[in-house]
$ cat model26.txt   # compact mmCIF, C-alpha atoms and all ligand atoms
# COMPACT_ATOMS: atom_id res chain seq x y z
CA MET A 22 -51.41 145.57 171.77
CA LEU A 23 -54.94 145.36 173.13
CA SER A 24 -56.17 148.55 174.76
CA PHE A 25 -58.90 149.19 177.28
CA MET A 26 -61.70 151.65 177.75
CA THR A 27 -61.70 153.13 181.20
CA ASP A 28 -63.93 156.17 181.02
CA ARG A 29 -67.23 154.27 180.84
CA LEU A 30 -68.44 151.17 182.65
CA ASP A 31 -66.21 152.13 185.55
CA SER A 32 -68.45 150.21 187.96
CA LEU A 33 -67.08 146.96 186.52
CA PRO A 34 -64.36 144.94 188.22
CA LEU A 35 -62.15 144.83 185.10
CA PRO A 36 -61.42 147.39 182.40
CA VAL A 37 -63.37 146.88 179.17
CA SER A 38 -61.21 145.67 176.28
CA LYS A 39 -61.63 147.65 173.05
CA LEU A 40 -61.97 144.35 171.19
CA ALA A 41 -64.58 142.01 172.66
CA LEU A 42 -65.81 138.51 171.87
CA GLY A 43 -69.35 137.79 170.63
CA THR A 44 -70.75 134.31 171.14
CA TRP A 45 -73.89 134.21 168.99
CA ALA A 46 -72.34 131.79 166.47
CA MET A 47 -71.40 129.48 169.33
CA ALA A 48 -75.09 128.54 169.40
CA GLY A 49 -74.71 127.07 165.88
CA GLY A 50 -78.14 126.08 164.57
CA GLN A 51 -79.95 127.20 161.45
CA LEU A 52 -78.35 130.63 161.36
CA TRP A 53 -74.72 129.63 161.90
CA GLY A 54 -74.42 125.91 161.12
CA PRO A 55 -72.77 123.26 163.29
CA GLN A 56 -70.43 124.41 166.07
CA ASP A 57 -68.32 122.12 168.22
CA GLU A 58 -68.49 123.06 171.92
CA ALA A 59 -64.82 122.24 172.45
CA ASP A 60 -63.97 124.85 169.76
CA SER A 61 -66.17 127.38 171.54
CA HIS A 62 -64.38 126.77 174.86
CA ALA A 63 -60.99 127.08 173.17
CA THR A 64 -62.15 130.32 171.52
CA VAL A 65 -63.22 131.84 174.85
CA HIS A 66 -59.91 130.77 176.45
CA ALA A 67 -57.89 132.22 173.55
CA ALA A 68 -59.73 135.52 173.93
CA LEU A 69 -59.12 135.67 177.70
CA ASP A 70 -55.46 134.68 177.25
CA ALA A 71 -55.06 137.56 174.78
CA GLY A 72 -56.47 140.07 177.30
CA ILE A 73 -60.02 140.36 176.00
CA THR A 74 -62.27 140.99 178.99
CA LEU A 75 -65.73 141.67 177.54
CA ILE A 76 -67.77 138.70 176.22
CA ASP A 77 -71.26 139.19 174.82
CA THR A 78 -74.12 136.69 174.75
CA ALA A 79 -77.93 136.66 174.95
CA PRO A 80 -80.77 134.36 176.02
CA GLY A 81 -81.95 134.58 172.41
CA TYR A 82 -78.81 132.96 171.00
CA GLY A 83 -79.84 129.33 170.51
CA GLY A 84 -82.55 129.61 173.19
CA GLY A 85 -79.92 130.01 175.94
CA LEU A 86 -77.33 127.64 174.47
CA SER A 87 -74.75 130.40 173.91
CA GLU A 88 -75.06 131.42 177.59
CA GLU A 89 -74.73 127.78 178.71
CA VAL A 90 -71.64 127.21 176.58
CA LEU A 91 -70.10 130.44 177.86
CA GLY A 92 -70.88 129.47 181.46
CA ARG A 93 -69.11 126.14 181.00
CA ALA A 94 -66.18 127.76 179.17
CA LEU A 95 -65.67 130.25 182.01
CA LYS A 96 -65.51 127.61 184.77
CA GLY A 97 -62.53 128.53 186.94
CA ARG A 98 -61.93 131.73 184.94
CA ARG A 99 -65.05 133.76 185.69
CA ASP A 100 -62.98 136.49 187.36
CA ARG A 101 -61.12 137.16 184.09
CA ALA A 102 -64.26 138.03 182.13
CA LEU A 103 -66.94 140.70 181.97
CA ILE A 104 -70.17 139.02 180.88
CA ALA A 105 -72.65 141.05 178.85
CA THR A 106 -76.04 139.47 178.24
CA LYS A 107 -79.50 140.71 177.38
CA ILE A 108 -83.24 140.76 178.00
CA GLY A 109 -85.16 139.63 174.91
CA SER A 110 -87.92 141.80 173.45
CA GLY A 111 -90.51 139.17 174.47
CA ASP A 112 -89.53 139.64 178.12
CA LEU A 113 -90.08 143.39 178.35
CA GLU A 114 -92.31 143.46 181.40
CA PRO A 115 -91.07 143.65 184.99
CA ALA A 116 -91.69 140.06 186.19
CA LYS A 117 -90.26 138.61 183.02
CA VAL A 118 -87.18 140.83 183.24
CA THR A 119 -86.40 139.40 186.67
CA ALA A 120 -87.09 135.83 185.55
CA SER A 121 -84.96 136.26 182.43
CA CYS A 122 -82.06 137.60 184.47
CA GLU A 123 -82.31 134.72 186.97
CA ALA A 124 -82.33 132.20 184.11
CA SER A 125 -79.27 133.86 182.54
CA LEU A 126 -77.44 133.74 185.88
CA ARG A 127 -78.16 129.99 186.11
CA ARG A 128 -77.07 129.25 182.55
CA LEU A 129 -73.96 131.37 182.95
CA GLN A 130 -73.18 129.73 186.34
CA THR A 131 -72.50 133.08 187.94
CA ASP A 132 -74.06 135.28 190.64
CA CYS A 133 -73.66 138.58 188.80
CA ILE A 134 -74.00 139.79 185.22
CA ASP A 135 -71.59 142.60 184.40
CA LEU A 136 -73.72 144.30 181.74
CA LEU A 137 -77.43 143.62 181.22
CA GLN A 138 -78.86 145.07 178.01
CA ILE A 139 -82.34 145.41 176.53
CA HIS A 140 -81.80 143.43 173.31
CA TRP A 141 -84.44 145.15 171.16
CA PHE A 142 -87.12 147.67 172.04
CA ARG A 143 -90.67 146.44 171.39
CA ALA A 144 -93.36 148.98 170.52
CA GLY A 145 -95.98 149.07 173.27
CA ALA A 146 -93.73 147.47 175.89
CA PRO A 147 -93.79 149.25 179.28
CA LEU A 148 -90.25 150.57 178.92
CA GLU A 149 -90.25 152.68 182.08
CA ASP A 150 -91.34 149.67 184.20
CA VAL A 151 -88.73 147.49 182.51
CA ILE A 152 -86.08 150.08 183.32
CA ALA A 153 -87.20 150.14 186.96
CA ALA A 154 -87.00 146.32 187.12
CA MET A 155 -83.49 146.39 185.67
CA GLU A 156 -82.43 149.07 188.13
CA ASN A 157 -83.80 146.89 190.96
CA LEU A 158 -81.61 144.03 189.72
CA ARG A 159 -78.61 146.34 189.80
CA ALA A 160 -79.48 147.54 193.29
CA ALA A 161 -79.76 143.88 194.40
CA GLY A 162 -76.23 143.19 193.12
CA LYS A 163 -77.31 140.77 190.40
CA VAL A 164 -76.21 143.13 187.66
CA ARG A 165 -73.35 145.61 187.64
CA ALA A 166 -74.16 147.89 184.70
CA LEU A 167 -77.13 148.50 182.40
CA GLY A 168 -77.28 149.04 178.68
CA VAL A 169 -79.53 148.97 175.66
CA SER A 170 -79.14 147.53 172.20
CA ASN A 171 -80.57 148.63 168.87
CA PHE A 172 -81.96 151.85 170.37
CA GLY A 173 -82.50 154.96 168.25
CA PRO A 174 -82.62 158.60 169.43
CA ARG A 175 -86.23 158.62 170.63
CA GLN A 176 -85.81 155.33 172.49
CA ILE A 177 -82.54 156.56 174.03
CA ALA A 178 -84.35 159.69 175.23
CA ARG A 179 -86.90 157.54 177.09
CA VAL A 180 -84.15 155.54 178.80
CA GLN A 181 -82.29 158.67 179.79
CA ALA A 182 -85.47 160.25 181.15
CA ALA A 183 -86.42 157.24 183.25
CA GLY A 184 -83.13 155.82 184.43
CA THR A 185 -79.79 156.85 185.74
CA GLY A 186 -76.32 155.80 184.76
CA TRP A 187 -77.04 153.71 181.68
CA ALA A 188 -73.77 152.75 180.06
CA THR A 189 -73.96 151.49 176.49
CA ASN A 190 -75.94 151.05 173.28
CA GLN A 191 -75.05 147.93 171.28
CA LEU A 192 -75.55 148.54 167.56
CA CYS A 193 -74.65 147.07 164.20
CA TYR A 194 -71.74 149.09 162.86
CA ASN A 195 -69.23 148.20 160.18
CA LEU A 196 -67.87 149.43 156.84
CA LEU A 197 -70.86 147.89 155.03
CA TRP A 198 -73.39 149.14 157.60
CA ARG A 199 -72.93 152.79 158.54
CA ALA A 200 -76.59 153.60 159.22
CA ILE A 201 -75.93 154.67 162.81
CA GLU A 202 -73.81 157.57 161.55
CA PHE A 203 -76.91 159.45 160.33
CA GLU A 204 -78.18 160.29 163.84
CA ILE A 205 -77.60 157.53 166.41
CA VAL A 206 -73.87 158.14 167.01
CA ASP A 207 -74.62 161.74 168.01
CA ALA A 208 -77.60 160.69 170.15
CA CYS A 209 -75.38 158.25 172.04
CA ALA A 210 -72.69 160.88 172.56
CA GLN A 211 -75.23 163.38 173.88
CA SER A 212 -76.62 160.81 176.31
CA GLY A 213 -73.24 159.51 177.46
CA LEU A 214 -73.82 156.03 176.01
CA GLY A 215 -70.76 154.18 174.75
CA ILE A 216 -71.26 152.26 171.52
CA LEU A 217 -70.65 148.51 171.44
CA CYS A 218 -70.34 147.60 167.74
CA TYR A 219 -71.88 144.29 166.74
CA SER A 220 -71.32 142.31 163.52
CA PRO A 221 -68.16 144.37 162.84
CA LEU A 222 -67.21 141.96 160.03
CA GLN A 223 -70.77 141.99 158.66
CA GLN A 224 -71.04 138.34 159.67
CA GLY A 225 -67.92 137.32 157.75
CA LEU A 226 -68.41 139.42 154.56
CA LEU A 227 -65.63 141.79 155.64
CA ALA A 228 -63.36 138.89 156.49
CA GLY A 229 -63.56 137.93 152.80
CA ARG A 230 -65.50 134.72 153.46
CA PHE A 231 -67.68 135.01 150.34
CA LYS A 232 -66.91 136.04 146.76
CA SER A 233 -70.50 136.78 145.71
CA ALA A 234 -74.03 137.03 147.11
CA ALA A 235 -74.72 133.51 145.84
CA GLU A 236 -72.10 132.11 148.24
CA VAL A 237 -73.53 133.74 151.38
CA PRO A 238 -75.30 131.09 153.47
CA GLU A 239 -78.96 131.25 154.40
CA GLY A 240 -78.60 132.56 157.94
CA ARG A 241 -76.48 135.52 156.81
CA ASN A 242 -78.16 136.56 153.54
CA ARG A 243 -81.28 137.90 155.25
CA THR A 244 -79.86 141.38 155.94
CA ARG A 245 -81.01 144.40 153.92
CA HIS A 246 -77.90 144.10 151.76
CA PHE A 247 -79.58 141.16 150.03
CA ARG A 248 -82.71 140.69 147.95
CA SER A 249 -85.83 139.89 149.96
CA ASP A 250 -86.49 136.58 148.19
CA LYS A 251 -84.08 134.76 150.54
CA GLU A 252 -85.47 131.97 152.71
CA LEU A 253 -85.14 133.77 156.09
CA SER A 254 -85.58 137.36 154.90
CA ASN A 255 -87.89 139.66 156.90
CA HIS A 256 -87.64 142.79 154.78
CA ASP A 257 -89.33 143.73 151.50
CA GLU A 258 -86.52 145.48 149.63
CA SER A 259 -84.59 144.71 146.47
CA GLY A 260 -81.29 144.82 148.37
CA HIS A 261 -77.90 146.01 147.09
CA GLU A 262 -76.05 142.82 146.30
CA GLU A 263 -73.91 144.13 143.43
CA LEU A 264 -73.01 147.33 145.26
CA THR A 265 -72.23 145.41 148.45
CA PHE A 266 -69.75 143.15 146.69
CA ALA A 267 -68.29 146.05 144.67
CA THR A 268 -67.78 147.86 147.99
CA ILE A 269 -66.08 144.80 149.50
CA GLU A 270 -63.75 144.74 146.49
CA ARG A 271 -62.87 148.43 147.01
CA ILE A 272 -62.11 147.76 150.70
CA ARG A 273 -60.10 144.66 149.78
CA ARG A 274 -57.90 146.77 147.48
CA ILE A 275 -57.26 149.36 150.20
CA ALA A 276 -56.28 146.53 152.57
CA ALA A 277 -54.00 145.00 149.92
CA ASP A 278 -52.24 148.36 149.45
CA LEU A 279 -51.65 148.49 153.21
CA GLY A 280 -50.51 144.84 153.23
CA CYS A 281 -53.05 143.77 155.85
CA PRO A 282 -56.04 141.39 155.82
CA MET A 283 -59.37 143.06 155.01
CA GLY A 284 -60.88 141.87 158.31
CA ASP A 285 -58.15 143.60 160.31
CA LEU A 286 -58.76 146.81 158.40
CA ALA A 287 -62.52 146.58 159.04
CA LEU A 288 -62.03 146.11 162.80
CA ALA A 289 -59.33 148.80 163.00
CA TRP A 290 -61.58 151.29 161.18
CA LEU A 291 -64.17 150.88 163.96
CA LEU A 292 -61.51 151.39 166.62
CA HIS A 293 -60.82 154.77 164.97
CA ARG A 294 -64.49 155.89 164.99
CA PRO A 295 -65.76 158.37 167.60
CA GLY A 296 -68.01 157.09 170.37
CA VAL A 297 -66.94 153.44 170.11
CA THR A 298 -66.42 151.75 173.48
CA SER A 299 -65.71 148.26 172.16
CA VAL A 300 -65.89 146.20 168.98
CA LEU A 301 -67.59 142.82 169.46
CA PHE A 302 -66.36 140.38 166.85
CA GLY A 303 -67.76 136.87 166.53
CA ALA A 304 -65.23 134.04 166.41
CA ARG A 305 -65.65 130.28 166.35
CA ASN A 306 -62.09 129.12 166.86
CA PRO A 307 -58.83 130.38 168.41
CA ALA A 308 -57.31 131.11 164.99
CA GLN A 309 -60.03 133.69 164.27
CA VAL A 310 -59.41 135.32 167.66
CA ALA A 311 -55.68 135.50 166.98
CA ALA A 312 -56.20 136.94 163.49
CA ASN A 313 -58.66 139.57 164.70
CA LEU A 314 -56.42 140.73 167.53
CA ALA A 315 -53.96 142.09 164.98
CA ALA A 316 -56.47 144.88 164.34
CA ALA A 317 -55.73 146.34 167.75
CA SER A 318 -52.28 147.49 166.67
CA LEU A 319 -53.25 148.72 163.21
CA LYS A 320 -52.98 152.52 163.08
CA LEU A 321 -54.83 154.10 160.16
CA ASP A 322 -53.76 157.49 158.83
CA GLY A 323 -56.06 160.23 157.57
CA ALA A 324 -55.63 159.23 153.92
CA THR A 325 -56.68 155.63 154.63
CA LEU A 326 -59.68 156.75 156.66
CA ALA A 327 -60.71 159.08 153.81
CA ALA A 328 -60.28 156.28 151.26
CA LEU A 329 -62.49 153.96 153.34
CA ASN A 330 -65.10 156.68 153.68
CA ALA A 331 -65.12 157.20 149.92
CA ALA A 332 -65.21 153.46 149.20
CA THR A 333 -68.26 152.89 151.39
CA ALA A 334 -70.22 156.15 150.99
CA GLU A 335 -72.31 154.89 148.04
CA LEU A 336 -73.51 151.81 149.93
CA LYS A 337 -74.16 153.90 153.05
CA ALA A 338 -76.37 156.24 151.00
CA ALA A 339 -78.16 153.35 149.27
CA LEU A 340 -79.01 151.58 152.54
CA GLY A 341 -80.01 154.86 154.20
CA PRO A 342 -80.58 155.77 157.85
CA ASN A 343 -82.70 152.74 158.83
CA ALA A 344 -80.33 151.11 161.35
CA ASP A 345 -82.34 147.88 161.50
CA LEU A 346 -80.19 145.34 159.66
CA TRP A 347 -83.05 142.97 158.97
CA ASN A 348 -86.37 144.86 158.79
CA SER A 349 -87.72 147.56 156.47
CA ALA A 350 -90.22 148.65 159.11
CA SER A 351 -87.44 149.67 161.45
CA ARG A 352 -87.67 148.72 165.10
CA ILE A 353 -85.00 151.35 165.83
CA GLU A 354 -86.47 154.84 166.32
N1 LIG B 401 -77.38 143.17 169.82
C1 LIG B 401 -77.72 142.54 168.72
O1 LIG B 401 -78.86 142.65 168.23
C2 LIG B 401 -76.68 141.71 168.03
C3 LIG B 401 -76.89 141.28 166.69
C4 LIG B 401 -75.87 140.56 166.08
C5 LIG B 401 -74.70 140.26 166.77
N2 LIG B 401 -74.54 140.66 168.07
C6 LIG B 401 -73.32 140.35 168.84
O2 LIG B 401 -72.17 140.69 168.08
C7 LIG B 401 -71.32 139.55 167.97
C8 LIG B 401 -70.53 139.61 166.67
O3 LIG B 401 -71.39 139.71 165.55
P1 LIG B 401 -71.60 138.53 164.50
O4 LIG B 401 -71.09 137.26 165.07
O5 LIG B 401 -73.01 138.64 164.04
O6 LIG B 401 -70.76 138.98 163.24
P2 LIG B 401 -69.22 139.32 162.92
O7 LIG B 401 -68.44 139.47 164.14
O8 LIG B 401 -69.29 140.43 161.96
O9 LIG B 401 -68.80 138.01 162.10
C9 LIG B 401 -68.50 136.81 162.74
C10 LIG B 401 -68.12 135.80 161.67
O10 LIG B 401 -67.05 136.29 160.89
C11 LIG B 401 -66.17 135.24 160.55
N3 LIG B 401 -64.83 135.57 161.08
C12 LIG B 401 -64.52 136.13 162.27
N4 LIG B 401 -63.19 136.30 162.34
C13 LIG B 401 -62.67 135.81 161.20
C14 LIG B 401 -61.35 135.71 160.69
N5 LIG B 401 -60.30 136.15 161.39
N6 LIG B 401 -61.17 135.15 159.47
C15 LIG B 401 -62.24 134.72 158.74
N7 LIG B 401 -63.50 134.80 159.17
C16 LIG B 401 -63.71 135.35 160.38
C17 LIG B 401 -66.69 133.97 161.18
O11 LIG B 401 -67.44 133.33 160.16
P3 LIG B 401 -67.63 131.73 160.11
O12 LIG B 401 -68.77 131.50 161.03
O13 LIG B 401 -67.98 131.51 158.68
O14 LIG B 401 -66.36 131.11 160.56
C18 LIG B 401 -67.58 134.51 162.29
O15 LIG B 401 -68.64 133.65 162.63
C19 LIG B 401 -72.29 138.38 168.09
O16 LIG B 401 -71.62 137.17 168.40
C20 LIG B 401 -73.20 138.86 169.18
O17 LIG B 401 -72.58 138.71 170.44
C21 LIG B 401 -75.51 141.39 168.68
$ encode --input "model26.txt" --output "structure tokens"
Amino acid sequence: MLSFMTDRLDSLPLPVSKLALGTWAMAGGQLWGPQDEADSHATVHAALDAGITLIDTAPGYGGGLSEEVLGRALKGRRDRALIATKIGSGDLEPAKVTASCEASLRRLQTDCIDLLQIHWFRAGAPLEDVIAAMENLRAAGKVRALGVSNFGPRQIARVQAAGTGWATNQLCYNLLWRAIEFEIVDACAQSGLGILCYSPLQQGLLAGRFKSAAEVPEGRNRTRHFRSDKELSNHDESGHEELTFATIERIRRIAADLGCPMGDLALAWLLHRPGVTSVLFGARNPAQVAANLAAASLKLDGATLAALNAATAELKAALGPNADLWNSASRIE
């Protein structure tokens, strides 16, 4: 049974579902490979039919393609969805913020964005002016709620100092990526920011898509789990490929003992973590939506949570507190 978060984002017209749909992969392209638009529409409809309200996109996903696809998919059903989109780090100055929002509204074929988030902080960007521009958009009724994404404690402090009523921080969080537990979870709690967890299946690794690092496709093997000699890699580390796959095997065994798919266990674990407002899984077809929804009714007892903590602690320590999934010189401070 899908549940809803009601204590944050209460300015929105619908309650926020604790499982949400991410639409990055619906842009296909080099990172995700071919994606049929009809499958994307069916995926969005399956999510809405199941009671999912929150759907996340960004201008940066396929240069606006993900927003366009979502806009077309929501034709006639806009009132059933809460749309979250973003302002890219290249648009962090007031005039560009407004232009980016207007372009998103056009692509999404709507007159109001439910949650507008700063996608990534950029060092040197005039954050306080950007915040003021976003608050103007909210005051003008073009945006209902404001959030950030990939913000660390010092960046959160600047947002809290400059603005009022910011709702969420969207962050990478999953059993193979627990970096936000070092300090960001507490910083969010202290600032009243709900956490939207992205890549909760570590881009398919936790759904058991790949048996070894060699099988992981180009667009997904550029995270800091992997060696830096990959085609699209931006970091300069040796990665933790063996440990990552050993950790997946430990999680897979815990899931097998419980008699549930590993992906369900990974999503359910997040639903049991403190501070989590919603878990944004990516899906490319209705079958993936249906499979992932089972996580909503999976109750994990203390022994299972302790076993998952133990199974993933070594990888958490090896990857350390840098919460930037892709870069050694962290953009998250
Ligand atoms: N704020 C940010 O900086 C940021 C960064 C990343 C993501 N996000 C958001 O978070 C959303 C989700 O993250 P994500 O898409 O990166 O990763 P994810 O949700 O961890 O993984 C999505 C992938 O997992 C596989 N999958 C999903 N359900 C499955 C199932 N039931 N069985 C088997 N495989 C399954 C699919 O792989 P296949 O493609 O192989 O089918 C899917 O594309 C994005 O769409 C985006 O909205 C935000």
$ residues_near_ligand --input "model26.txt" --ligand "ligand LIG 401 (chain B)" --cutoff "6 Å" --atoms "all atoms listed in the file" --output "mmCIF file with C-alpha atoms, in the frame of the given file"
data_model
loop_
_atom_site.group_PDB
_atom_site.id
_atom_site.type_symbol
_atom_site.label_atom_id
_atom_site.label_comp_id
_atom_site.auth_asym_id
_atom_site.auth_seq_id
_atom_site.Cartn_x
_atom_site.Cartn_y
_atom_site.Cartn_z
ATOM 1 C CA GLY A 43 -69.350 137.790 170.630
ATOM 2 C CA THR A 44 -70.750 134.310 171.140
ATOM 3 C CA TRP A 45 -73.890 134.210 168.990
ATOM 4 C CA ALA A 46 -72.340 131.790 166.470
ATOM 5 C CA ASP A 77 -71.260 139.190 174.820
ATOM 6 C CA THR A 78 -74.120 136.690 174.750
ATOM 7 C CA HIS A 140 -81.800 143.430 173.310
ATOM 8 C CA SER A 170 -79.140 147.530 172.200
ATOM 9 C CA GLN A 191 -75.050 147.930 171.280
ATOM 10 C CA TYR A 219 -71.880 144.290 166.740
ATOM 11 C CA SER A 220 -71.320 142.310 163.520
ATOM 12 C CA PRO A 221 -68.160 144.370 162.840
ATOM 13 C CA LEU A 222 -67.210 141.960 160.030
ATOM 14 C CA GLN A 223 -70.770 141.990 158.660
ATOM 15 C CA GLN A 224 -71.040 138.340 159.670
ATOM 16 C CA GLY A 225 -67.920 137.320 157.750
ATOM 17 C CA ALA A 228 -63.360 138.890 156.490
ATOM 18 C CA LEU A 301 -67.590 142.820 169.460
ATOM 19 C CA PHE A 302 -66.360 140.380 166.850
ATOM 20 C CA GLY A 303 -67.760 136.870 166.530
ATOM 21 C CA ALA A 304 -65.230 134.040 166.410
ATOM 22 C CA ARG A 305 -65.650 130.280 166.350
ATOM 23 C CA GLN A 309 -60.030 133.690 164.270
ATOM 24 C CA ALA A 312 -56.200 136.940 163.490
ATOM 25 C CA ASN A 313 -58.660 139.570 164.700
#
$ residues_around --input "model26.txt" --residues "Leu340 of chain A" --least-positions-apart "2" --cutoff "9 Å" --atoms "only C-alpha atoms" --output "PyMOL selection string"
chain A and resi 198-200+245-246+260-261+335-338+342-344
$ write_last_selection --input "model26.txt" --atoms "C-alpha atoms" --output "mmCIF file, keeping the file's coordinate frame"
data_model
loop_
_atom_site.group_PDB
_atom_site.id
_atom_site.type_symbol
_atom_site.label_atom_id
_atom_site.label_comp_id
_atom_site.auth_asym_id
_atom_site.auth_seq_id
_atom_site.Cartn_x
_atom_site.Cartn_y
_atom_site.Cartn_z
ATOM 1 C CA TRP A 198 -73.390 149.140 157.600
ATOM 2 C CA ARG A 199 -72.930 152.790 158.540
ATOM 3 C CA ALA A 200 -76.590 153.600 159.220
ATOM 4 C CA ARG A 245 -81.010 144.400 153.920
ATOM 5 C CA HIS A 246 -77.900 144.100 151.760
ATOM 6 C CA GLY A 260 -81.290 144.820 148.370
ATOM 7 C CA HIS A 261 -77.900 146.010 147.090
ATOM 8 C CA GLU A 335 -72.310 154.890 148.040
ATOM 9 C CA LEU A 336 -73.510 151.810 149.930
ATOM 10 C CA LYS A 337 -74.160 153.900 153.050
ATOM 11 C CA ALA A 338 -76.370 156.240 151.000
ATOM 12 C CA PRO A 342 -80.580 155.770 157.850
ATOM 13 C CA ASN A 343 -82.700 152.740 158.830
ATOM 14 C CA ALA A 344 -80.330 151.110 161.350
#
$ residues_near_point --input "model26.txt" --point "(-57.8, 129.4, 175.9)" --cutoff "12 Å" --atoms "all atoms listed in the file" --output "PDB file with C-alpha atoms, keeping the file's coordinate frame"
ATOM      1  CA  ALA A  59     -64.820 122.240 172.450  1.00  0.00           C
ATOM      2  CA  ASP A  60     -63.970 124.850 169.760  1.00  0.00           C
ATOM      3  CA  SER A  61     -66.170 127.380 171.540  1.00  0.00           C
ATOM      4  CA  HIS A  62     -64.380 126.770 174.860  1.00  0.00           C
ATOM      5  CA  ALA A  63     -60.990 127.080 173.170  1.00  0.00           C
ATOM      6  CA  THR A  64     -62.150 130.320 171.520  1.00  0.00           C
ATOM      7  CA  VAL A  65     -63.220 131.840 174.850  1.00  0.00           C
ATOM      8  CA  HIS A  66     -59.910 130.770 176.450  1.00  0.00           C
ATOM      9  CA  ALA A  67     -57.890 132.220 173.550  1.00  0.00           C
ATOM     10  CA  ALA A  68     -59.730 135.520 173.930  1.00  0.00           C
ATOM     11  CA  LEU A  69     -59.120 135.670 177.700  1.00  0.00           C
ATOM     12  CA  ASP A  70     -55.460 134.680 177.250  1.00  0.00           C
ATOM     13  CA  ALA A  71     -55.060 137.560 174.780  1.00  0.00           C
ATOM     14  CA  GLY A  72     -56.470 140.070 177.300  1.00  0.00           C
ATOM     15  CA  ILE A  73     -60.020 140.360 176.000  1.00  0.00           C
ATOM     16  CA  ALA A  94     -66.180 127.760 179.170  1.00  0.00           C
ATOM     17  CA  LEU A  95     -65.670 130.250 182.010  1.00  0.00           C
ATOM     18  CA  LYS A  96     -65.510 127.610 184.770  1.00  0.00           C
ATOM     19  CA  ARG A  98     -61.930 131.730 184.940  1.00  0.00           C
ATOM     20  CA  ARG A 101     -61.120 137.160 184.090  1.00  0.00           C
ATOM     21  CA  ASN A 306     -62.090 129.120 166.860  1.00  0.00           C
ATOM     22  CA  PRO A 307     -58.830 130.380 168.410  1.00  0.00           C
ATOM     23  CA  ALA A 308     -57.310 131.110 164.990  1.00  0.00           C
ATOM     24  CA  VAL A 310     -59.410 135.320 167.660  1.00  0.00           C
ATOM     25  CA  ALA A 311     -55.680 135.500 166.980  1.00  0.00           C
TER      26      ALA A 311
END
$ atom_distance --input "model26.txt" --atom1 "atom CA of Thr268 of chain A" --atom2 "atom CA of Ser249 of chain A"
19.8 Å
$ residues_around --input "model26.txt" --residues "Ala105 of chain A" --least-positions-apart "2" --cutoff "8 Å" --atoms "all atoms listed in the file" --output "PyMOL selection string"
chain A and resi 75-79+103+107+134-138
$ closest_residue --input "model26.txt" --among "A:Ala339, A:Ile353, A:Ile104, A:Val118" --to "Ile205 of chain A" --atoms "all atoms listed in the file"
A:Ile353
$ residues_near_point --input "model26.txt" --point "(-90.2, 145.5, 176.7)" --cutoff "10 Å" --atoms "all atoms listed in the file" --output "count of residues only"
24
$ atom_distance --input "model26.txt" --atom1 "atom CA of Pro80 of chain A" --atom2 "atom CA of Gly49 of chain A"
13.9 Å
$ closest_residue --input "model26.txt" --among "A:Cys133, A:Val37, A:Leu192, A:Leu23" --to "Arg159 of chain A" --atoms "only C-alpha atoms"
A:Cys133
$ closest_residue --input "model26.txt" --among "A:Gly85, A:Pro36, A:Gly229, A:Gly168" --to "Met155 of chain A" --atoms "only C-alpha atoms"
A:Gly168
$ decode --input "model26.txt" --residues "segment 234-248 of chain A" --atoms "C-alpha atoms" --output "short mmCIF file (atom, residue, chain, number, x, y, z; two decimals), in the first residue's frame"
data_model
loop_
_atom_site.label_atom_id
_atom_site.label_comp_id
_atom_site.auth_asym_id
_atom_site.auth_seq_id
_atom_site.Cartn_x
_atom_site.Cartn_y
_atom_site.Cartn_z
CA ALA A 234 31.62 -4.28 -13.21
CA ALA A 235 32.42 -5.38 -16.77
CA GLU A 236 28.69 -5.65 -17.54
CA VAL A 237 27.79 -2.13 -16.38
CA PRO A 238 27.17 0.08 -19.42
CA GLU A 239 29.14 3.22 -20.16
CA GLY A 240 26.64 5.78 -18.88
CA ARG A 241 26.41 4.09 -15.48
CA ASN A 242 30.02 3.04 -14.80
CA ARG A 243 31.24 6.59 -14.29
CA THR A 244 30.32 6.78 -10.59
CA ARG A 245 33.01 6.63 -7.89
CA HIS A 246 32.27 2.94 -7.38
CA PHE A 247 34.17 2.28 -10.60
CA ARG A 248 37.75 2.78 -11.77
#
